[in-house]
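Next comes my_file.txt, with compact mmCIF, C-alpha atoms.
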```txt
# COMPACT_ATOMS: atom_id res chain seq x y z
CA MET A 1 28.78 -19.08 -35.60
CA LYS A 2 27.09 -20.01 -38.84
CA LYS A 3 26.07 -17.27 -41.20
CA THR A 4 22.36 -18.18 -40.83
CA ASP A 5 22.61 -18.15 -37.01
CA LYS A 6 24.31 -14.76 -37.11
CA LYS A 7 21.60 -13.42 -39.40
CA ARG A 8 18.84 -14.78 -37.09
CA LYS A 9 20.52 -13.16 -34.09
CA GLU A 10 20.72 -9.81 -35.92
CA GLN A 11 17.03 -10.10 -36.85
CA TYR A 12 16.13 -10.96 -33.25
CA VAL A 13 18.12 -8.03 -31.89
CA ALA A 14 16.58 -5.72 -34.49
CA SER A 15 13.04 -6.85 -33.61
CA ALA A 16 13.78 -6.56 -29.87
CA LYS A 17 14.71 -2.93 -30.38
CA LEU A 18 11.30 -2.30 -31.94
CA ILE A 19 9.61 -3.20 -28.65
CA ASP A 20 11.44 -1.34 -25.90
CA VAL A 21 10.05 -2.83 -22.70
CA ASN A 22 11.23 0.12 -20.63
CA THR A 23 9.31 2.53 -22.83
CA VAL A 24 6.15 0.41 -22.56
CA VAL A 25 6.47 0.24 -18.76
CA CYS A 26 7.12 3.97 -18.56
CA GLU A 27 4.06 4.70 -20.69
CA LYS A 28 1.85 2.47 -18.51
CA LEU A 29 3.12 4.15 -15.31
CA GLY A 30 3.08 7.61 -16.81
CA ILE A 31 6.82 8.05 -16.22
CA ASP A 32 9.03 10.15 -18.47
CA PRO A 33 11.49 7.59 -19.99
CA SER A 34 14.33 10.06 -19.43
CA LYS A 35 13.81 9.55 -15.68
CA VAL A 36 14.55 5.86 -15.93
CA SER A 37 18.03 4.85 -14.85
CA TRP A 38 20.46 3.13 -17.21
CA ASP A 39 19.45 -0.32 -15.95
CA GLY A 40 15.79 0.23 -16.83
CA ILE A 41 14.58 0.60 -13.26
CA PRO A 42 12.51 3.73 -12.63
CA THR A 43 14.27 6.17 -10.31
CA LEU A 44 12.75 6.92 -6.93
CA ASN A 45 12.10 10.50 -8.03
CA SER A 46 10.05 9.30 -10.99
CA LEU A 47 8.05 6.93 -8.76
CA ARG A 48 7.32 9.76 -6.32
CA GLU A 49 5.40 11.49 -9.10
CA ILE A 50 2.81 8.70 -9.30
CA PRO A 51 0.00 9.33 -6.78
CA GLY A 52 -0.41 6.53 -4.26
CA LEU A 53 2.85 4.77 -5.04
CA THR A 54 4.88 6.39 -2.26
CA ALA A 55 4.09 7.81 1.16
CA GLU A 56 5.38 11.19 -0.02
CA ASN A 57 2.61 11.41 -2.62
CA PRO A 58 -0.49 9.72 -1.17
CA ILE A 59 -3.93 9.85 -2.72
CA VAL A 60 -6.38 11.96 -0.72
CA VAL A 61 -9.71 10.13 -0.64
CA THR A 62 -13.25 10.85 0.47
CA ALA A 63 -15.32 8.26 2.34
CA GLU A 64 -17.22 7.42 -0.84
CA GLN A 65 -14.01 6.99 -2.81
CA PHE A 66 -12.49 4.76 -0.13
CA ILE A 67 -15.54 2.46 -0.05
CA LEU A 68 -15.56 2.37 -3.87
CA MET A 69 -11.86 1.45 -3.89
CA THR A 70 -12.57 -1.57 -1.67
CA LYS A 71 -14.96 -2.82 -4.35
CA ARG A 72 -12.91 -1.86 -7.38
CA TYR A 73 -9.68 -3.42 -6.10
CA ASP A 74 -11.13 -6.68 -4.79
CA GLN A 75 -9.98 -8.95 -7.63
CA SER A 76 -6.24 -8.89 -6.93
CA LEU A 77 -4.03 -7.92 -4.07
CA CYS A 78 -2.69 -4.38 -4.34
CA ALA A 79 -1.71 -1.56 -2.00
CA LEU A 80 -1.79 2.22 -2.24
CA TRP A 81 -0.64 5.03 0.03
CA LEU A 82 -3.74 7.00 1.03
CA ASP A 83 -4.17 10.24 2.98
CA ILE A 84 -7.19 9.41 5.13
CA ASP A 85 -9.12 11.93 7.24
CA PHE A 86 -11.10 10.82 10.29
CA PRO A 87 -14.56 10.89 8.58
CA VAL A 88 -13.21 8.37 6.04
CA MET A 89 -11.91 6.18 8.88
CA GLU A 90 -15.31 6.40 10.58
CA ALA A 91 -17.14 5.41 7.38
CA ALA A 92 -14.79 2.46 6.96
CA LEU A 93 -15.41 1.34 10.54
CA ILE A 94 -19.19 1.59 10.07
CA SER A 95 -19.43 -0.13 6.69
CA LEU A 96 -16.41 -2.46 6.52
CA ASN A 97 -15.67 -3.50 10.09
CA VAL A 98 -17.91 -6.57 10.23
CA ASN A 99 -17.11 -9.98 11.71
CA ASN A 100 -14.07 -8.51 13.44
CA ARG A 101 -13.03 -8.91 17.05
CA PRO A 102 -13.82 -5.99 19.34
CA PRO A 103 -11.42 -3.04 19.23
CA LYS A 104 -8.92 -2.75 22.07
CA PRO A 105 -9.83 0.48 23.95
CA ARG A 106 -6.39 0.84 25.58
CA ILE A 107 -4.66 0.52 22.20
CA CYS A 108 -7.17 2.85 20.50
CA ASN A 109 -6.62 5.48 23.22
CA SER A 110 -2.84 5.19 22.89
CA ILE A 111 -3.05 5.55 19.10
CA SER A 112 -5.45 8.50 19.45
CA ALA A 113 -3.07 10.30 21.84
CA SER A 114 -0.15 9.64 19.50
CA MET A 115 -2.11 10.94 16.50
CA SER A 116 -3.33 14.02 18.41
CA SER A 117 0.22 14.94 19.37
CA GLY A 118 1.48 14.38 15.82
CA LYS A 119 3.76 11.59 16.98
CA PHE A 120 1.98 8.68 15.31
CA PRO A 121 4.66 7.19 13.05
CA LEU A 122 4.39 6.76 9.31
CA SER A 123 4.71 3.03 8.76
CA SER A 124 4.42 0.45 6.03
CA ALA A 125 2.19 -1.63 8.32
CA THR A 126 -0.88 -1.96 6.12
CA ILE A 127 -4.52 -1.39 6.75
CA LYS A 128 -6.00 -4.53 5.19
CA VAL A 129 -9.33 -4.84 3.37
CA SER A 130 -10.43 -8.28 2.21
CA ALA A 131 -11.75 -9.23 -1.20
CA LEU A 132 -15.14 -9.49 0.57
CA HIS A 133 -14.94 -5.74 1.37
CA GLN A 134 -14.24 -6.24 5.08
CA LEU A 135 -11.69 -4.42 7.21
CA ILE A 136 -9.49 -7.24 8.52
CA ASP A 137 -6.60 -5.23 9.97
CA GLY A 138 -6.42 -1.61 11.10
CA GLN A 139 -9.58 -1.11 13.13
CA ASN A 140 -7.65 0.14 16.17
CA ARG A 141 -5.67 2.62 14.04
CA PHE A 142 -8.87 3.84 12.39
CA GLN A 143 -10.63 4.10 15.77
CA GLY A 144 -7.65 6.11 17.06
CA GLY A 145 -7.95 8.44 14.08
CA VAL A 146 -11.68 8.90 14.65
CA SER A 147 -11.17 9.62 18.37
CA SER A 148 -8.40 12.12 17.68
CA LYS A 149 -10.25 13.71 14.74
CA THR A 150 -7.03 13.69 12.71
CA ARG A 151 -5.87 12.55 9.31
CA HIS A 152 -3.02 10.18 8.61
CA VAL A 153 -1.22 8.56 5.70
CA PHE A 154 -1.64 4.78 5.60
CA LEU A 155 -0.58 2.04 3.23
CA VAL A 156 -3.87 0.31 2.45
CA ALA A 157 -3.92 -3.21 1.00
CA PHE A 158 -7.02 -4.16 -0.97
CA GLY A 159 -8.17 -7.60 -2.12
CA GLU A 160 -6.69 -9.55 0.80
CA ASP A 161 -7.68 -13.19 1.06
CA PRO A 162 -10.47 -13.29 3.69
CA ASP A 163 -8.62 -16.13 5.44
CA ALA A 164 -5.62 -13.82 5.97
CA VAL A 165 -7.39 -12.60 9.10
CA LEU A 166 -6.46 -15.93 10.70
CA SER A 167 -2.76 -15.00 10.53
CA ILE A 168 -2.98 -11.38 11.70
CA ASP A 169 -1.79 -10.51 15.22
CA ILE A 170 -1.39 -14.13 16.27
CA GLY A 171 2.10 -13.74 17.71
CA ILE A 172 3.06 -13.14 21.28
CA PRO A 173 2.03 -9.61 22.33
CA ARG A 174 4.93 -7.21 22.99
CA THR A 175 5.58 -6.56 26.63
CA ALA A 176 6.71 -3.19 28.00
CA ASN A 177 10.17 -4.72 28.41
CA ASP A 178 10.18 -5.80 24.74
CA MET A 179 9.40 -2.24 23.68
CA LEU A 180 12.09 -0.78 25.93
CA GLU A 181 14.68 -3.20 24.54
CA THR A 182 13.65 -2.37 20.98
CA ALA A 183 13.81 1.37 21.67
CA SER A 184 17.22 1.15 23.36
CA GLY A 185 18.63 -1.11 20.66
CA SER A 186 19.76 -3.81 23.08
```
Take the structure in the file and write it out as structure tokens.
Amino acid sequence: MKKTDKKRKEQYVASAKLIDVNTVVCEKLGIDPSKVSWDGIPTLNSLREIPGLTAENPIVVTAEQFILMTKRYDQSLCALWLDIDFPVMEAALISLNVNNRPPKPRICNSISASMSSGKFPLSSATIKVSALHQLIDGQNRFQGGVSSKTRHVFLVAFGEDPDAVLSIDIGIPRTANDMLETASGS
């Protein structure tokens, strides 16, 4: 290596140390840099401290806050874990559930019973709100929550492309046999 190339490399390395990307990322996320693993990836424990980033630390929202979030986060696709009580679900159904197909009463009743008994599973299946502030996926889960008068933690995606509704629930419905096979692992 030429002397000038070596000197340039040393200068580059020296300047790179001035801007520590991990420190910048940690500052933006509010993570203590000491909680970042050696490879620069935040540890799961440090991520759990950030509200809304994990199911273990959801953001508790009021109805007004939820509706405001649909408007604030409409410019880009993002998702947050939210702890949603049934009045919030009801407000979302009233104000955001427009141009949607009718809810499925049998499914809503099943979800309501599952929520009432505390057996409704925590899942990464998102409640989806479009960039036009419309509920495009999750109306049956929200209706189940309203009927059961319970709260639940959901992963809520904001800013969805309004055309995404055309690709939601278009597959073949699961039969009872499908569910039994899935549950038994066969």
Within 12 Å of Pro105 of chain A using all atoms listed in the file, minus same-chain residues under 4 positions, as a list in words: Asn109, Ser110, Ile111, Ser112, Gln139, Asn140, Arg141, Gln143, Gly144 and Ser147 of chain A
Between atom CA of Asn97 of chain A and atom CA of Ala113 of chain A, distance in Å (one decimal): 22.1 Å
Selection: 7 Å around segment 84-86 of chain A, only C-alpha atoms, excl. self and same-chain fewer than 4 positions, as an MDAnalysis selection string: chainID A and resid 60:61 90 145:146 149:153
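Compared by their closest atoms to Ala55 of chain A, and using only C-alpha atoms, the residues A:Val98, A:Ile107, A:Leu132, A:Leu80 rank with A:Leu80 nearest.
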Could you add N, CA and C atoms to segment 45-80 of chain A and give me the result as a PDB file, keeping the file's coordinate frame?
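For reference, out-v6.pdb as written:
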```
ATOM      1  N   ASN A  45      12.743   9.216  -7.736  1.00  0.00           N
ATOM      2  CA  ASN A  45      12.100  10.500  -8.030  1.00  0.00           C
ATOM      3  C   ASN A  45      10.964  10.353  -9.030  1.00  0.00           C
ATOM      4  N   SER A  46      11.127   9.476 -10.020  1.00  0.00           N
ATOM      5  CA  SER A  46      10.050   9.300 -10.990  1.00  0.00           C
ATOM      6  C   SER A  46       8.864   8.568 -10.351  1.00  0.00           C
ATOM      7  N   LEU A  47       9.144   7.637  -9.434  1.00  0.00           N
ATOM      8  CA  LEU A  47       8.050   6.930  -8.760  1.00  0.00           C
ATOM      9  C   LEU A  47       7.280   7.860  -7.828  1.00  0.00           C
ATOM     10  N   ARG A  48       7.972   8.818  -7.243  1.00  0.00           N
ATOM     11  CA  ARG A  48       7.320   9.760  -6.320  1.00  0.00           C
ATOM     12  C   ARG A  48       6.249  10.588  -7.023  1.00  0.00           C
ATOM     13  N   GLU A  49       6.361  10.704  -8.340  1.00  0.00           N
ATOM     14  CA  GLU A  49       5.400  11.490  -9.100  1.00  0.00           C
ATOM     15  C   GLU A  49       4.061  10.773  -9.288  1.00  0.00           C
ATOM     16  N   ILE A  50       4.034   9.470  -9.079  1.00  0.00           N
ATOM     17  CA  ILE A  50       2.810   8.700  -9.300  1.00  0.00           C
ATOM     18  C   ILE A  50       1.993   8.685  -8.019  1.00  0.00           C
ATOM     19  N   PRO A  51       0.811   9.285  -7.997  1.00  0.00           N
ATOM     20  CA  PRO A  51       0.000   9.330  -6.780  1.00  0.00           C
ATOM     21  C   PRO A  51      -0.289   7.922  -6.233  1.00  0.00           C
ATOM     22  N   GLY A  52      -0.089   7.771  -4.930  1.00  0.00           N
ATOM     23  CA  GLY A  52      -0.410   6.530  -4.260  1.00  0.00           C
ATOM     24  C   GLY A  52       0.703   5.505  -4.230  1.00  0.00           C
ATOM     25  N   LEU A  53       1.777   5.748  -4.978  1.00  0.00           N
ATOM     26  CA  LEU A  53       2.850   4.770  -5.040  1.00  0.00           C
ATOM     27  C   LEU A  53       3.869   4.942  -3.917  1.00  0.00           C
ATOM     28  N   THR A  54       3.974   6.148  -3.370  1.00  0.00           N
ATOM     29  CA  THR A  54       4.880   6.390  -2.260  1.00  0.00           C
ATOM     30  C   THR A  54       4.150   7.170  -1.161  1.00  0.00           C
ATOM     31  N   ALA A  55       4.691   7.086   0.038  1.00  0.00           N
ATOM     32  CA  ALA A  55       4.090   7.810   1.160  1.00  0.00           C
ATOM     33  C   ALA A  55       4.203   9.318   0.986  1.00  0.00           C
ATOM     34  N   GLU A  56       5.198   9.757   0.216  1.00  0.00           N
ATOM     35  CA  GLU A  56       5.380  11.190  -0.020  1.00  0.00           C
ATOM     36  C   GLU A  56       4.317  11.777  -0.939  1.00  0.00           C
ATOM     37  N   ASN A  57       3.613  10.932  -1.676  1.00  0.00           N
ATOM     38  CA  ASN A  57       2.610  11.410  -2.620  1.00  0.00           C
ATOM     39  C   ASN A  57       1.339  10.538  -2.507  1.00  0.00           C
ATOM     40  N   PRO A  58       0.697  10.566  -1.342  1.00  0.00           N
ATOM     41  CA  PRO A  58      -0.490   9.720  -1.170  1.00  0.00           C
ATOM     42  C   PRO A  58      -1.696  10.284  -1.908  1.00  0.00           C
ATOM     43  N   ILE A  59      -2.667   9.431  -2.110  1.00  0.00           N
ATOM     44  CA  ILE A  59      -3.930   9.850  -2.720  1.00  0.00           C
ATOM     45  C   ILE A  59      -4.867  10.278  -1.597  1.00  0.00           C
ATOM     46  N   VAL A  60      -5.403  11.485  -1.696  1.00  0.00           N
ATOM     47  CA  VAL A  60      -6.380  11.960  -0.720  1.00  0.00           C
ATOM     48  C   VAL A  60      -7.738  11.440  -1.162  1.00  0.00           C
ATOM     49  N   VAL A  61      -8.432  10.733  -0.258  1.00  0.00           N
ATOM     50  CA  VAL A  61      -9.710  10.130  -0.640  1.00  0.00           C
ATOM     51  C   VAL A  61     -10.842  10.585   0.279  1.00  0.00           C
ATOM     52  N   THR A  62     -12.043  10.621  -0.305  1.00  0.00           N
ATOM     53  CA  THR A  62     -13.250  10.850   0.470  1.00  0.00           C
ATOM     54  C   THR A  62     -13.755   9.493   0.969  1.00  0.00           C
ATOM     55  N   ALA A  63     -14.739   9.514   1.839  1.00  0.00           N
ATOM     56  CA  ALA A  63     -15.320   8.260   2.340  1.00  0.00           C
ATOM     57  C   ALA A  63     -15.906   7.441   1.190  1.00  0.00           C
ATOM     58  N   GLU A  64     -16.616   8.124   0.293  1.00  0.00           N
ATOM     59  CA  GLU A  64     -17.220   7.420  -0.840  1.00  0.00           C
ATOM     60  C   GLU A  64     -16.163   6.784  -1.734  1.00  0.00           C
ATOM     61  N   GLN A  65     -15.087   7.524  -1.977  1.00  0.00           N
ATOM     62  CA  GLN A  65     -14.010   6.990  -2.810  1.00  0.00           C
ATOM     63  C   GLN A  65     -13.347   5.784  -2.149  1.00  0.00           C
ATOM     64  N   PHE A  66     -13.137   5.870  -0.838  1.00  0.00           N
ATOM     65  CA  PHE A  66     -12.490   4.760  -0.130  1.00  0.00           C
ATOM     66  C   PHE A  66     -13.343   3.494  -0.224  1.00  0.00           C
ATOM     67  N   ILE A  67     -14.643   3.625   0.019  1.00  0.00           N
ATOM     68  CA  ILE A  67     -15.540   2.460  -0.050  1.00  0.00           C
ATOM     69  C   ILE A  67     -15.564   1.919  -1.481  1.00  0.00           C
ATOM     70  N   LEU A  68     -15.584   2.800  -2.471  1.00  0.00           N
ATOM     71  CA  LEU A  68     -15.560   2.370  -3.870  1.00  0.00           C
ATOM     72  C   LEU A  68     -14.252   1.634  -4.197  1.00  0.00           C
ATOM     73  N   MET A  69     -13.148   2.107  -3.649  1.00  0.00           N
ATOM     74  CA  MET A  69     -11.860   1.450  -3.890  1.00  0.00           C
ATOM     75  C   MET A  69     -11.867   0.012  -3.360  1.00  0.00           C
ATOM     76  N   THR A  70     -12.538  -0.210  -2.231  1.00  0.00           N
ATOM     77  CA  THR A  70     -12.570  -1.570  -1.670  1.00  0.00           C
ATOM     78  C   THR A  70     -13.284  -2.522  -2.630  1.00  0.00           C
ATOM     79  N   LYS A  71     -14.229  -1.992  -3.387  1.00  0.00           N
ATOM     80  CA  LYS A  71     -14.960  -2.820  -4.350  1.00  0.00           C
ATOM     81  C   LYS A  71     -14.236  -2.935  -5.683  1.00  0.00           C
ATOM     82  N   ARG A  72     -13.596  -1.858  -6.094  1.00  0.00           N
ATOM     83  CA  ARG A  72     -12.910  -1.860  -7.380  1.00  0.00           C
ATOM     84  C   ARG A  72     -11.638  -2.705  -7.347  1.00  0.00           C
ATOM     85  N   TYR A  73     -10.964  -2.721  -6.206  1.00  0.00           N
ATOM     86  CA  TYR A  73      -9.680  -3.420  -6.100  1.00  0.00           C
ATOM     87  C   TYR A  73      -9.821  -4.752  -5.361  1.00  0.00           C
ATOM     88  N   ASP A  74     -10.933  -5.430  -5.526  1.00  0.00           N
ATOM     89  CA  ASP A  74     -11.130  -6.680  -4.790  1.00  0.00           C
ATOM     90  C   ASP A  74     -10.707  -7.927  -5.553  1.00  0.00           C
ATOM     91  N   GLN A  75     -10.313  -7.784  -6.809  1.00  0.00           N
ATOM     92  CA  GLN A  75      -9.980  -8.950  -7.630  1.00  0.00           C
ATOM     93  C   GLN A  75      -8.532  -9.396  -7.508  1.00  0.00           C
ATOM     94  N   SER A  76      -7.644  -8.500  -7.117  1.00  0.00           N
ATOM     95  CA  SER A  76      -6.240  -8.890  -6.930  1.00  0.00           C
ATOM     96  C   SER A  76      -5.647  -8.040  -5.827  1.00  0.00           C
ATOM     97  N   LEU A  77      -4.667  -8.593  -5.184  1.00  0.00           N
ATOM     98  CA  LEU A  77      -4.030  -7.920  -4.070  1.00  0.00           C
ATOM     99  C   LEU A  77      -3.202  -6.739  -4.564  1.00  0.00           C
ATOM    100  N   CYS A  78      -3.467  -5.564  -4.011  1.00  0.00           N
ATOM    101  CA  CYS A  78      -2.690  -4.380  -4.340  1.00  0.00           C
ATOM    102  C   CYS A  78      -2.690  -3.454  -3.134  1.00  0.00           C
ATOM    103  N   ALA A  79      -1.775  -2.513  -3.119  1.00  0.00           N
ATOM    104  CA  ALA A  79      -1.710  -1.560  -2.000  1.00  0.00           C
ATOM    105  C   ALA A  79      -1.404  -0.169  -2.529  1.00  0.00           C
ATOM    106  N   LEU A  80      -2.000   0.822  -1.885  1.00  0.00           N
ATOM    107  CA  LEU A  80      -1.790   2.220  -2.240  1.00  0.00           C
ATOM    108  C   LEU A  80      -1.598   3.038  -0.969  1.00  0.00           C
TER     109      LEU A  80
END
```
